[in-house]
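> Structure incoming, see below.
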Amino acid sequence: MDLNKSAPNDVSIDWSKTPLVPAVAQEYYTGEVLMLAYVNEEALNLTLSKGYAHYFSRSRNAIWLKGETSGNLQKIREVRIDCDDDALLYIVEQQGNACHTGELSCFYRKISG
């Protein structure tokens with residue numbers, strides 16, 4: 001499987017049907033999954049043009065630059081789109097921790113059972 005295929009520059013997300021798509025952030029150097037957030041068209045365009053991860057906060061109803069207040073920025077190395085054009089993968093160089101709890105990843109807890 002070739003993971004290096006390029007999508008056309010005109011990403012085919014149908015923003016009128018899906019105004020928010022999930023975006024998973026993955027650490028470039030380790031492959032660790034850091035977090036899941038949501039992206040609208042403007043946040044994706046900011047991410048691609050600025051080179052740092054931007055997301056859409058559903059609770060604040062606003063775009064936010066990851067790390068703007070904490071300093072824990074996510075420098076974009078790659079942005080990938082899934083085969084259905086409805087989910088994104090941000091491959092990032094994480095500066096500091098990704099999780100607001102102080103953990104590197106938001107996925108630090110295991111469910112037992």
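Every chain in the structure tokens takes a letter, A first, then B, and so on in the order presented; its residues are numbered from 1, and the ligands are numbered from 1 following the presented order.
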DSSP on the backbone, alpha helix (DSSP H) only: what residues of segment 13-110 of chain A does that give? Format it as an mmCIF file with N, CA and C atoms, in the first residue's frame.


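Result went into states_20.cif, see below:
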```cif
data_model
loop_
_atom_site.group_PDB
_atom_site.id
_atom_site.type_symbol
_atom_site.label_atom_id
_atom_site.label_comp_id
_atom_site.auth_asym_id
_atom_site.auth_seq_id
_atom_site.Cartn_x
_atom_site.Cartn_y
_atom_site.Cartn_z
ATOM 1 N N GLU A 41 -14.085 24.069 7.402
ATOM 2 C CA GLU A 41 -13.327 24.439 6.205
ATOM 3 C C GLU A 41 -12.310 25.546 6.501
ATOM 4 N N GLU A 42 -12.706 26.528 7.285
ATOM 5 C CA GLU A 42 -11.799 27.634 7.598
ATOM 6 C C GLU A 42 -10.611 27.160 8.423
ATOM 7 N N ALA A 43 -10.859 26.284 9.398
ATOM 8 C CA ALA A 43 -9.760 25.764 10.222
ATOM 9 C C ALA A 43 -8.779 24.967 9.370
ATOM 10 N N LEU A 44 -9.292 24.170 8.442
ATOM 11 C CA LEU A 44 -8.402 23.412 7.555
ATOM 12 C C LEU A 44 -7.581 24.354 6.688
ATOM 13 N N ASN A 45 -8.215 25.365 6.132
ATOM 14 C CA ASN A 45 -7.479 26.325 5.300
ATOM 15 C C ASN A 45 -6.402 27.046 6.100
ATOM 16 N N LEU A 46 -6.689 27.413 7.346
ATOM 17 C CA LEU A 46 -5.681 28.053 8.207
ATOM 18 C C LEU A 46 -4.530 27.095 8.493
ATOM 19 N N THR A 47 -4.860 25.843 8.751
ATOM 20 C CA THR A 47 -3.828 24.831 8.998
ATOM 21 C C THR A 47 -2.894 24.718 7.800
ATOM 22 N N LEU A 48 -3.477 24.627 6.620
ATOM 23 C CA LEU A 48 -2.671 24.458 5.405
ATOM 24 C C LEU A 48 -1.859 25.703 5.073
ATOM 25 N N SER A 49 -2.408 26.877 5.337
ATOM 26 C CA SER A 49 -1.698 28.111 4.973
ATOM 27 C C SER A 49 -0.680 28.541 6.031
ATOM 28 N N LYS A 50 -0.950 28.280 7.289
ATOM 29 C CA LYS A 50 -0.066 28.734 8.378
ATOM 30 C C LYS A 50 0.954 27.687 8.799
#
```

> May I have a table of the residues of segment 28-63 of chain A lying at most 9 Å from segment 74-97 of chain A, giving each one's closest pair of atoms and their distance in Å to one decimal, counting only C-alpha atoms, ordered by chain and ascending residue number, as CSV?


```
residue,atom,partner,partner_atom,distance
A:Tyr28,CA,A:Val92,CA,5.2
A:Tyr29,CA,A:Glu93,CA,7.3
A:Gly31,CA,A:Ile91,CA,8.4
A:Leu34,CA,A:Gln94,CA,8.6
A:Val39,CA,A:Leu88,CA,8.5
A:Thr47,CA,A:Ile76,CA,7.6
A:Leu48,CA,A:Val79,CA,8.1
A:Lys50,CA,A:Ile76,CA,8.9
A:Gly51,CA,A:Ile76,CA,5.3
A:Tyr52,CA,A:Lys75,CA,4.6
A:Ala53,CA,A:Gln74,CA,5.5
A:His54,CA,A:Gln74,CA,8.8
```

> Excluding Leu36 of chain A and any residue of its chain fewer than 4 positions from it, enumerate the residues within 10 Å of it, using only C-alpha atoms, and give them as a PyMOL selection string.

chain A and resi 22-26+55+88-90+105-107

> For those residues, write N, CA and C atoms to a file as an mmCIF file, in the first residue's frame.


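Once everything was written out, this is result_12.cif:
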```
data_model
loop_
_atom_site.group_PDB
_atom_site.id
_atom_site.type_symbol
_atom_site.label_atom_id
_atom_site.label_comp_id
_atom_site.auth_asym_id
_atom_site.auth_seq_id
_atom_site.Cartn_x
_atom_site.Cartn_y
_atom_site.Cartn_z
ATOM 1 N N PRO A 22 -13.845 15.075 11.757
ATOM 2 C CA PRO A 22 -12.856 14.759 12.781
ATOM 3 C C PRO A 22 -11.444 14.845 12.218
ATOM 4 N N ALA A 23 -10.542 15.304 13.067
ATOM 5 C CA ALA A 23 -9.122 15.360 12.715
ATOM 6 C C ALA A 23 -8.329 14.722 13.850
ATOM 7 N N VAL A 24 -7.594 13.696 13.533
ATOM 8 C CA VAL A 24 -6.733 13.013 14.495
ATOM 9 C C VAL A 24 -5.338 13.596 14.354
ATOM 10 N N ALA A 25 -4.723 13.942 15.483
ATOM 11 C CA ALA A 25 -3.338 14.423 15.464
ATOM 12 C C ALA A 25 -2.427 13.276 15.888
ATOM 13 N N GLN A 26 -1.398 13.037 15.084
ATOM 14 C CA GLN A 26 -0.439 11.967 15.327
ATOM 15 C C GLN A 26 0.965 12.563 15.343
ATOM 16 N N TYR A 55 -8.127 24.067 14.811
ATOM 17 C CA TYR A 55 -9.307 23.225 15.015
ATOM 18 C C TYR A 55 -10.523 24.112 15.231
ATOM 19 N N LEU A 88 -9.757 13.598 8.744
ATOM 20 C CA LEU A 88 -8.397 14.062 8.464
ATOM 21 C C LEU A 88 -7.407 13.490 9.476
ATOM 22 N N LEU A 89 -6.182 13.382 9.045
ATOM 23 C CA LEU A 89 -5.076 13.004 9.909
ATOM 24 C C LEU A 89 -4.040 14.102 9.813
ATOM 25 N N TYR A 90 -3.786 14.765 10.944
ATOM 26 C CA TYR A 90 -2.717 15.761 11.021
ATOM 27 C C TYR A 90 -1.489 15.054 11.586
ATOM 28 N N SER A 105 -0.453 12.712 25.445
ATOM 29 C CA SER A 105 -1.565 12.328 24.585
ATOM 30 C C SER A 105 -2.869 12.377 25.374
ATOM 31 N N CYS A 106 -3.940 12.683 24.699
ATOM 32 C CA CYS A 106 -5.264 12.630 25.326
ATOM 33 C C CYS A 106 -5.702 11.188 25.569
ATOM 34 N N PHE A 107 -5.030 10.234 24.931
ATOM 35 C CA PHE A 107 -5.392 8.826 25.047
ATOM 36 C C PHE A 107 -4.460 8.108 26.028
#
```

> Just how far from atom CA of Trp15 of chain A is atom CA of Ala98 of chain A, in Å to one decimal?

26.7 Å

> Would you list, as a ChimeraX atom specification, the residues of segment 10-55 of chain A that end up in strand (DSSP E or B) under DSSP run on this structure's backbone?

/A:21-27,33-39,52,54-55

> Taking N, CA and C atoms for each residue, export the selection above as a PDB file, in the first residue's frame.


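To be explicit, this is the file written out as out19.pdb:
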```
ATOM      1  N   VAL A  21     -15.511  17.946  10.368  1.00  0.00           N
ATOM      2  CA  VAL A  21     -14.968  16.596  10.201  1.00  0.00           C
ATOM      3  C   VAL A  21     -13.955  16.340  11.314  1.00  0.00           C
ATOM      4  N   PRO A  22     -13.845  15.075  11.757  1.00  0.00           N
ATOM      5  CA  PRO A  22     -12.856  14.759  12.781  1.00  0.00           C
ATOM      6  C   PRO A  22     -11.444  14.845  12.218  1.00  0.00           C
ATOM      7  N   ALA A  23     -10.542  15.304  13.067  1.00  0.00           N
ATOM      8  CA  ALA A  23      -9.122  15.360  12.715  1.00  0.00           C
ATOM      9  C   ALA A  23      -8.329  14.722  13.850  1.00  0.00           C
ATOM     10  N   VAL A  24      -7.594  13.696  13.533  1.00  0.00           N
ATOM     11  CA  VAL A  24      -6.733  13.013  14.495  1.00  0.00           C
ATOM     12  C   VAL A  24      -5.338  13.596  14.354  1.00  0.00           C
ATOM     13  N   ALA A  25      -4.723  13.942  15.483  1.00  0.00           N
ATOM     14  CA  ALA A  25      -3.338  14.423  15.464  1.00  0.00           C
ATOM     15  C   ALA A  25      -2.427  13.276  15.888  1.00  0.00           C
ATOM     16  N   GLN A  26      -1.398  13.037  15.084  1.00  0.00           N
ATOM     17  CA  GLN A  26      -0.439  11.967  15.327  1.00  0.00           C
ATOM     18  C   GLN A  26       0.965  12.563  15.343  1.00  0.00           C
ATOM     19  N   GLU A  27       1.767  12.150  16.326  1.00  0.00           N
ATOM     20  CA  GLU A  27       3.136  12.654  16.448  1.00  0.00           C
ATOM     21  C   GLU A  27       3.997  12.124  15.307  1.00  0.00           C
ATOM     22  N   VAL A  33      -0.702   8.530  18.724  1.00  0.00           N
ATOM     23  CA  VAL A  33      -1.920   9.293  18.524  1.00  0.00           C
ATOM     24  C   VAL A  33      -2.046  10.268  19.692  1.00  0.00           C
ATOM     25  N   LEU A  34      -2.181  11.545  19.376  1.00  0.00           N
ATOM     26  CA  LEU A  34      -2.174  12.581  20.405  1.00  0.00           C
ATOM     27  C   LEU A  34      -3.564  13.031  20.821  1.00  0.00           C
ATOM     28  N   MET A  35      -4.429  13.259  19.854  1.00  0.00           N
ATOM     29  CA  MET A  35      -5.733  13.825  20.177  1.00  0.00           C
ATOM     30  C   MET A  35      -6.682  13.700  18.995  1.00  0.00           C
ATOM     31  N   LEU A  36      -7.952  13.931  19.288  1.00  0.00           N
ATOM     32  CA  LEU A  36      -8.987  14.020  18.279  1.00  0.00           C
ATOM     33  C   LEU A  36      -9.715  15.336  18.491  1.00  0.00           C
ATOM     34  N   ALA A  37      -9.906  16.056  17.416  1.00  0.00           N
ATOM     35  CA  ALA A  37     -10.651  17.318  17.475  1.00  0.00           C
ATOM     36  C   ALA A  37     -11.432  17.434  16.169  1.00  0.00           C
ATOM     37  N   TYR A  38     -12.100  18.549  15.990  1.00  0.00           N
ATOM     38  CA  TYR A  38     -12.904  18.759  14.790  1.00  0.00           C
ATOM     39  C   TYR A  38     -12.403  19.960  14.011  1.00  0.00           C
ATOM     40  N   VAL A  39     -12.653  19.916  12.706  1.00  0.00           N
ATOM     41  CA  VAL A  39     -12.165  20.934  11.782  1.00  0.00           C
ATOM     42  C   VAL A  39     -13.314  21.354  10.876  1.00  0.00           C
ATOM     43  N   TYR A  52       0.447  25.316  11.078  1.00  0.00           N
ATOM     44  CA  TYR A  52       0.191  24.892  12.458  1.00  0.00           C
ATOM     45  C   TYR A  52      -1.260  24.456  12.575  1.00  0.00           C
ATOM     46  N   HIS A  54      -4.931  24.022  13.362  1.00  0.00           N
ATOM     47  CA  HIS A  54      -6.095  24.804  13.777  1.00  0.00           C
ATOM     48  C   HIS A  54      -7.286  23.858  13.838  1.00  0.00           C
ATOM     49  N   TYR A  55      -8.127  24.067  14.811  1.00  0.00           N
ATOM     50  CA  TYR A  55      -9.307  23.225  15.015  1.00  0.00           C
ATOM     51  C   TYR A  55     -10.523  24.112  15.231  1.00  0.00           C
TER      52      TYR A  55
END
```

> Atom CA of His100 of chain A and atom CA of Ser70 of chain A are how many Å apart?

8.9 Å

> Of the residues A:Asn61, A:Asn72, A:Thr101, A:Asn40, which is the one nearest to Lys17 of chain A, using only C-alpha atoms?

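Among the listed residues, A:Asn40 lies closest to Lys17 of chain A.
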
> To one decimal place in Å, what is the distance between atom CA of Arg109 of chain A and atom CA of Gly71 of chain A?

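So the answer is 23.7 Å.
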